[in-house]
>>> print(open('coords.csv').read())   # CSV, C-alpha atoms
chain,number,residue,atom,x,y,z
A,1,ALA,CA,0.0,0.0,0.0
A,2,ALA,CA,1.0,3.7,-0.3
A,3,THR,CA,0.0,6.9,1.4
A,4,LEU,CA,0.6,10.5,0.5
A,5,ILE,CA,1.1,13.3,3.0
A,6,ILE,CA,0.5,16.8,1.4
A,7,LEU,CA,2.4,19.6,3.2
A,8,ARG,CA,0.8,23.0,2.9
A,9,LYS,CA,2.5,26.0,4.4
A,10,SER,CA,0.5,28.5,6.5
A,11,GLU,CA,0.0,32.0,5.3
A,12,ASP,CA,3.0,33.3,7.2
A,13,GLY,CA,5.1,30.5,5.7
A,14,GLN,CA,6.3,29.4,9.1
A,15,ALA,CA,4.3,26.3,9.7
A,16,HIS,CA,3.0,23.3,7.8
A,17,ARG,CA,-0.5,21.9,7.6
A,18,VAL,CA,-1.2,18.3,6.5
A,19,LEU,CA,-4.3,16.9,4.8
A,20,MET,CA,-6.1,14.2,6.9
A,21,GLY,CA,-9.5,12.5,6.8
A,22,LYS,CA,-11.5,10.2,9.0
A,23,ARG,CA,-12.1,6.6,8.0
A,24,ASP,CA,-15.7,5.5,8.1
A,25,ALA,CA,-17.0,3.6,11.2
A,26,SER,CA,-18.0,0.6,8.9
A,27,HIS,CA,-14.3,0.0,7.8
A,28,LYS,CA,-12.8,-3.2,9.2
A,29,PHE,CA,-9.4,-1.7,9.1
A,30,MET,CA,-8.8,1.3,11.4
A,31,PRO,CA,-12.5,2.5,11.7
A,32,ASN,CA,-13.0,6.1,12.8
A,33,LYS,CA,-9.3,6.8,12.7
A,34,TYR,CA,-7.8,9.9,11.1
A,35,VAL,CA,-5.3,9.1,8.3
A,36,PHE,CA,-3.7,10.5,5.2
A,37,PRO,CA,-5.1,9.6,1.8
A,38,GLY,CA,-3.8,6.2,0.6
A,39,GLY,CA,-4.6,2.6,-0.2
A,40,LYS,CA,-3.6,-0.6,-1.9
A,41,VAL,CA,-1.6,-0.8,-5.1
A,42,ASP,CA,-3.6,-1.7,-8.2
A,43,ASN,CA,-2.2,-3.7,-11.1
A,44,ALA,CA,-2.6,-0.6,-13.4
A,45,ASP,CA,-0.4,1.5,-11.1
A,46,GLY,CA,2.7,-0.3,-12.4
A,47,ARG,CA,1.7,0.0,-16.0
A,48,ILE,CA,0.9,3.7,-16.2
A,49,MET,CA,4.0,5.8,-17.1
A,50,PRO,CA,4.3,9.1,-15.3
A,51,LEU,CA,5.7,12.2,-17.0
A,52,THR,CA,8.7,12.3,-14.6
A,53,GLN,CA,10.2,9.4,-12.6
A,54,LEU,CA,11.1,9.3,-8.9
A,55,ASN,CA,14.2,11.2,-8.0
A,56,ALA,CA,17.3,8.9,-7.7
A,57,GLY,CA,17.5,9.0,-3.9
A,58,VAL,CA,13.9,8.1,-3.4
A,59,GLU,CA,14.1,5.3,-6.0
A,60,ALA,CA,17.3,3.9,-4.4
A,61,MET,CA,15.6,3.6,-1.0
A,62,LEU,CA,12.5,1.9,-2.5
A,63,LEU,CA,14.6,-0.5,-4.4
A,64,LYS,CA,15.9,-2.0,-1.1
A,65,GLY,CA,12.6,-3.8,-0.9
A,66,CYS,CA,11.2,-4.1,-4.4
A,67,SER,CA,11.7,-3.9,-8.1
A,68,VAL,CA,11.8,-0.8,-10.2
A,69,THR,CA,8.3,-1.4,-11.5
A,70,LYS,CA,7.0,-2.0,-8.0
A,71,ALA,CA,8.7,1.2,-6.8
A,72,ARG,CA,6.9,3.2,-9.4
A,73,ALA,CA,3.7,1.4,-8.7
A,74,LEU,CA,3.8,2.4,-5.0
A,75,ALA,CA,4.3,6.0,-5.8
A,76,MET,CA,1.6,6.0,-8.5
A,77,ALA,CA,-0.8,4.3,-6.1
A,78,ALA,CA,-0.3,7.2,-3.6
A,79,LEU,CA,-1.2,9.7,-6.3
A,80,ARG,CA,-4.2,7.7,-7.5
A,81,GLU,CA,-5.6,7.2,-4.1
A,82,THR,CA,-5.2,10.9,-3.2
A,83,TRP,CA,-7.2,11.7,-6.3
A,84,GLU,CA,-9.9,9.2,-5.5
A,85,GLU,CA,-10.2,10.2,-1.8
A,86,ALA,CA,-9.5,13.9,-1.9
A,87,GLY,CA,-9.9,15.1,-5.5
A,88,LEU,CA,-6.3,16.4,-5.6
A,89,LEU,CA,-3.8,15.6,-8.4
A,90,VAL,CA,0.0,15.6,-8.4
A,91,GLY,CA,1.5,16.1,-11.8
A,92,THR,CA,1.8,18.4,-14.8
A,93,LYS,CA,-1.0,20.0,-16.7
A,94,THR,CA,-1.4,19.0,-20.3
A,95,ASP,CA,-3.8,19.2,-23.3
A,96,LYS,CA,-2.8,15.7,-24.4
A,97,VAL,CA,-4.4,13.0,-22.3
A,98,PRO,CA,-2.6,9.6,-22.6
A,99,ASN,CA,-4.9,6.6,-23.3
A,100,THR,CA,-5.3,3.9,-20.7
A,101,ARG,CA,-7.6,1.0,-20.0
A,102,SER,CA,-7.7,1.7,-16.3
A,103,ALA,CA,-10.9,3.5,-15.4
A,104,ALA,CA,-9.3,5.1,-12.3
A,105,TRP,CA,-6.3,6.5,-14.2
A,106,ALA,CA,-8.4,7.6,-17.2
A,107,ASP,CA,-10.5,9.6,-14.8
A,108,TYR,CA,-7.3,11.1,-13.2
A,109,MET,CA,-5.9,12.2,-16.6
A,110,GLN,CA,-9.2,13.5,-17.9
A,111,GLN,CA,-8.7,16.3,-15.5
A,112,GLY,CA,-5.9,17.5,-17.7
A,113,VAL,CA,-3.0,16.4,-15.4
A,114,VAL,CA,-0.4,13.7,-16.1
A,115,PRO,CA,1.1,12.2,-13.0
A,116,SER,CA,4.7,13.3,-12.1
A,117,LEU,CA,6.8,11.6,-9.4
A,118,GLU,CA,9.9,13.8,-9.2
A,119,ASN,CA,8.7,15.9,-6.2
A,120,LEU,CA,7.8,13.0,-4.0
A,121,GLU,CA,9.8,12.3,-0.9
A,122,LEU,CA,9.9,8.9,0.9
A,123,ILE,CA,9.2,9.4,4.6
A,124,ALA,CA,8.9,5.8,6.0
A,125,ARG,CA,7.9,2.2,5.5
A,126,ALA,CA,5.6,0.4,7.9
A,127,ILE,CA,4.2,-3.1,8.1
A,128,THR,CA,1.2,-3.9,10.3
A,129,PRO,CA,2.1,-6.0,13.3
A,130,PRO,CA,1.8,-9.8,12.8
A,131,HIS,CA,-1.0,-10.3,15.3
A,132,ARG,CA,-3.4,-8.1,13.2
A,133,THR,CA,-6.0,-9.9,10.9
A,134,ARG,CA,-5.6,-7.3,8.1
A,135,ARG,CA,-2.0,-6.3,7.3
A,136,PHE,CA,-0.4,-3.9,5.0
A,137,ASP,CA,3.1,-3.1,3.9
A,138,THR,CA,2.9,0.6,3.4
A,139,ARG,CA,5.2,3.3,2.1
A,140,PHE,CA,4.6,6.9,3.2
A,141,PHE,CA,5.4,9.6,0.7
A,142,ALA,CA,5.2,13.4,1.1
A,143,VAL,CA,4.8,16.2,-1.3
A,144,GLU,CA,4.6,20.0,-1.0
A,145,ALA,CA,1.2,21.5,-1.9
A,146,GLN,CA,2.8,23.7,-4.6
A,147,HIS,CA,3.0,20.5,-6.8
A,148,VAL,CA,-0.7,19.6,-6.2
A,149,HIS,CA,-3.6,20.7,-8.4
A,150,GLY,CA,-7.1,21.2,-7.2
A,151,ILE,CA,-6.4,22.7,-3.7
A,152,GLU,CA,-7.8,26.1,-4.8
A,153,ALA,CA,-11.1,24.4,-5.5
A,154,GLY,CA,-11.4,23.0,-2.0
A,155,LEU,CA,-12.0,19.5,-0.8
A,156,GLN,CA,-15.3,18.9,-2.5
A,157,ARG,CA,-14.6,15.8,-4.7
A,158,GLY,CA,-13.7,12.4,-3.4
A,159,SER,CA,-14.9,8.8,-3.1
A,160,GLY,CA,-16.3,9.4,0.3
A,161,GLU,CA,-14.0,6.8,1.8
A,162,LEU,CA,-12.4,9.5,3.9
A,163,LEU,CA,-14.8,11.8,5.8
A,164,ALA,CA,-14.2,15.2,7.4
A,165,MET,CA,-11.3,16.0,5.2
A,166,GLN,CA,-9.3,18.9,6.7
A,167,TRP,CA,-6.0,20.7,6.7
A,168,VAL,CA,-4.5,20.6,10.2
A,169,THR,CA,-1.3,21.7,11.9
A,170,PHE,CA,0.9,19.0,13.4
A,171,ASN,CA,-0.3,20.0,16.9
A,172,GLU,CA,-3.9,19.8,15.8
A,173,ALA,CA,-3.4,16.5,14.1
A,174,LEU,CA,-1.9,15.0,17.3
A,175,GLN,CA,-5.2,15.8,19.1
A,176,LEU,CA,-7.2,13.6,16.7
A,177,ASP,CA,-7.9,9.9,17.0
A,178,LEU,CA,-4.9,8.5,15.2
A,179,PRO,CA,-3.5,5.1,14.6
A,180,LYS,CA,-0.2,4.6,16.4
A,181,ILE,CA,1.8,4.5,13.1
A,182,THR,CA,0.2,7.8,11.9
A,183,ARG,CA,1.2,9.5,15.2
A,184,PHE,CA,4.7,8.2,14.8
A,185,ILE,CA,4.9,9.3,11.1
A,186,LEU,CA,3.8,12.8,12.1
A,187,GLY,CA,6.4,13.1,14.8
A,188,HIS,CA,9.1,11.8,12.4
A,189,LEU,CA,8.1,14.1,9.6
A,190,GLN,CA,8.1,17.1,12.0
A,191,LYS,CA,11.7,16.3,12.8
A,192,ARG,CA,12.6,16.1,9.1
A,193,LEU,CA,11.1,19.4,8.5
A,194,ASN,CA,13.0,20.9,11.4
A,195,GLY,CA,16.2,19.5,9.9
A,196,GLU,CA,16.8,17.1,12.9
A,197,THR,CA,16.9,14.0,10.8
A,198,LYS,CA,17.1,12.7,7.2
A,199,ASP,CA,16.3,9.1,8.2
A,200,VAL,CA,13.6,6.9,6.5
A,201,PRO,CA,12.6,4.5,9.2
A,202,PHE,CA,11.3,1.0,8.5
>>> encode(input="coords.csv", output="C-alpha cells")
Amino acid sequence: AATLIILRKSEDGQAHRVLMGKRDASHKFMPNKYVFPGGKVDNADGRIMPLTQLNAGVEAMLLKGCSVTKARALAMAALRETWEEAGLLVGTKTDKVPNTRSAAWADYMQQGVVPSLENLELIARAITPPHRTRRFDTRFFAVEAQHVHGIEAGLQRGSGELLAMQWVTFNEALQLDLPKITRFILGHLQKRLNGETKDVPF
C-alpha cells in the first residue's frame, strides 16, 4: 500500500499543515481513525508511465525492498488514491491526455493532469504487526502543496472513503484519534522538516 502526505505552508510561511480525513466507522481496518489519503496498489499502477520518474535518492531507498516497476507502482498508487479520496492531483497540466484502459487512471488524466513523481519524498515504510488480521506493507510519501492541483477548488470531490477531510497543523493532528503509526509518522516528519533527521525509518 501507499500513502501521500500533502504539506501546505501556513499564510506566514512558518508552519505546515497536512491533509487528513476520517475513516468510516464501517471499515474493518482502522475504523473512525484519522489518516492520510492512501490505499492498496492496483495492477494498473505499475503499467501507467508518469511524466517524470522518482528522484534517484527516493528510488534507491524503495529498491531496497522491491523492483523498479513496484517502486513506481507504489508512488503512483499514492497519487491515484489521493485523487480518488480527496480530489487532488499531483502532476503536470497537459492538453494531451494519454490513453489507458484503467478507469481510475483515465478519470485522473481526464482532469488535464499527467502524474509526475519527481517531487515525492519517501518518509517511511511500515508493516502492520503480525497479530493483526488485516495487514499492509505501506510506504509513506510526502509532497509540497505547490505541486498539487485542485487545492484552490477546496476538498469537494472524493470517493467518500475519507470523511471530514481537513487541513490541520501538526499539533492539531496529534489531538485527533490517530493510529499509532500515523502518530509516529507525524512526529518523524516534523523532525525532518525541522532538519533534525534525514532518516527513512522502517
>>> residues_around(input="coords.csv", residues="Thr3 in chain A", least_positions_apart="4", cutoff="12 Å", atoms="only C-alpha atoms", output="PDB file with C-alpha atoms, in the coordinates of the input")
ATOM      1  CA  LEU A  19      -4.300  16.900   4.800  1.00  0.00           C
ATOM      2  CA  MET A  20      -6.100  14.200   6.900  1.00  0.00           C
ATOM      3  CA  VAL A  35      -5.300   9.100   8.300  1.00  0.00           C
ATOM      4  CA  PHE A  36      -3.700  10.500   5.200  1.00  0.00           C
ATOM      5  CA  PRO A  37      -5.100   9.600   1.800  1.00  0.00           C
ATOM      6  CA  GLY A  38      -3.800   6.200   0.600  1.00  0.00           C
ATOM      7  CA  GLY A  39      -4.600   2.600  -0.200  1.00  0.00           C
ATOM      8  CA  LYS A  40      -3.600  -0.600  -1.900  1.00  0.00           C
ATOM      9  CA  VAL A  41      -1.600  -0.800  -5.100  1.00  0.00           C
ATOM     10  CA  LEU A  74       3.800   2.400  -5.000  1.00  0.00           C
ATOM     11  CA  ALA A  75       4.300   6.000  -5.800  1.00  0.00           C
ATOM     12  CA  MET A  76       1.600   6.000  -8.500  1.00  0.00           C
ATOM     13  CA  ALA A  77      -0.800   4.300  -6.100  1.00  0.00           C
ATOM     14  CA  ALA A  78      -0.300   7.200  -3.600  1.00  0.00           C
ATOM     15  CA  LEU A  79      -1.200   9.700  -6.300  1.00  0.00           C
ATOM     16  CA  ARG A  80      -4.200   7.700  -7.500  1.00  0.00           C
ATOM     17  CA  GLU A  81      -5.600   7.200  -4.100  1.00  0.00           C
ATOM     18  CA  THR A  82      -5.200  10.900  -3.200  1.00  0.00           C
ATOM     19  CA  TRP A  83      -7.200  11.700  -6.300  1.00  0.00           C
ATOM     20  CA  GLU A  85     -10.200  10.200  -1.800  1.00  0.00           C
ATOM     21  CA  LEU A 120       7.800  13.000  -4.000  1.00  0.00           C
ATOM     22  CA  GLU A 121       9.800  12.300  -0.900  1.00  0.00           C
ATOM     23  CA  LEU A 122       9.900   8.900   0.900  1.00  0.00           C
ATOM     24  CA  ILE A 123       9.200   9.400   4.600  1.00  0.00           C
ATOM     25  CA  ALA A 124       8.900   5.800   6.000  1.00  0.00           C
ATOM     26  CA  ARG A 125       7.900   2.200   5.500  1.00  0.00           C
ATOM     27  CA  ALA A 126       5.600   0.400   7.900  1.00  0.00           C
ATOM     28  CA  PHE A 136      -0.400  -3.900   5.000  1.00  0.00           C
ATOM     29  CA  ASP A 137       3.100  -3.100   3.900  1.00  0.00           C
ATOM     30  CA  THR A 138       2.900   0.600   3.400  1.00  0.00           C
ATOM     31  CA  ARG A 139       5.200   3.300   2.100  1.00  0.00           C
ATOM     32  CA  PHE A 140       4.600   6.900   3.200  1.00  0.00           C
ATOM     33  CA  PHE A 141       5.400   9.600   0.700  1.00  0.00           C
ATOM     34  CA  ALA A 142       5.200  13.400   1.100  1.00  0.00           C
ATOM     35  CA  VAL A 143       4.800  16.200  -1.300  1.00  0.00           C
ATOM     36  CA  THR A 182       0.200   7.800  11.900  1.00  0.00           C
ATOM     37  CA  ILE A 185       4.900   9.300  11.100  1.00  0.00           C
TER      38      ILE A 185
END
>>> atom_distance(input="coords.csv", atom1="CA of Phe184 in chain A", atom2="CA of Glu11 in chain A")
26.1 Å
>>> closest_residue(input="coords.csv", among="A:Tyr34, A:Lys96, A:Tyr108, A:Leu117", to="Met49 in chain A", atoms="all atoms listed in the file")
A:Leu117
>>> atom_distance(input="coords.csv", atom1="CA of Arg192 in chain A", atom2="CA of Ala173 in chain A")
16.8 Å
>>> atom_distance(input="coords.csv", atom1="CA of Ile127 in chain A", atom2="CA of Gly187 in chain A")
17.7 Å
>>> closest_residue(input="coords.csv", among="A:Leu54, A:Pro115, A:Leu7, A:Gln146", to="Leu186 in chain A", atoms="only C-alpha atoms")
A:Leu7
>>> closest_residue(input="coords.csv", among="A:His149, A:Ala104, A:Glu161, A:Glu144", to="Lys9 in chain A", atoms="only C-alpha atoms")
A:Glu144
>>> residues_around(input="coords.csv", residues="Val113 in chain A", least_positions_apart="2", cutoff="12 Å", atoms="all atoms listed in the file", output="list in words")
Pro50, Leu51, Leu79, Arg80, Trp83, Leu88, Leu89, Val90, Gly91, Thr92, Lys93, Thr94, Asp95, Lys96, Val97, Pro98, Trp105, Ala106, Asp107, Tyr108, Met109, Gln110, Gln111, Pro115, Ser116, His147, Val148, His149 and Gly150 of chain A
>>> closest_residue(input="coords.csv", among="A:Leu176, A:Ala103, A:Ala44, A:Ile151", to="Ala164 in chain A", atoms="only C-alpha atoms")
A:Leu176
>>> closest_residue(input="coords.csv", among="A:Asn32, A:Asn171, A:Thr128, A:Asn43", to="Lys70 in chain A", atoms="all atoms listed in the file")
A:Asn43
>>> closest_residue(input="coords.csv", among="A:Leu163, A:His188, A:Leu174, A:Val168", to="Ala15 in chain A", atoms="all atoms listed in the file")
A:Val168
>>> residues_around(input="coords.csv", residues="Met61 in chain A", least_positions_apart="3", cutoff="10 Å", atoms="only C-alpha atoms", output="list in words")
Ala56, Gly57, Val58, Lys64, Gly65, Cys66, Ala71, Leu122, Ala124 and Val200 of chain A
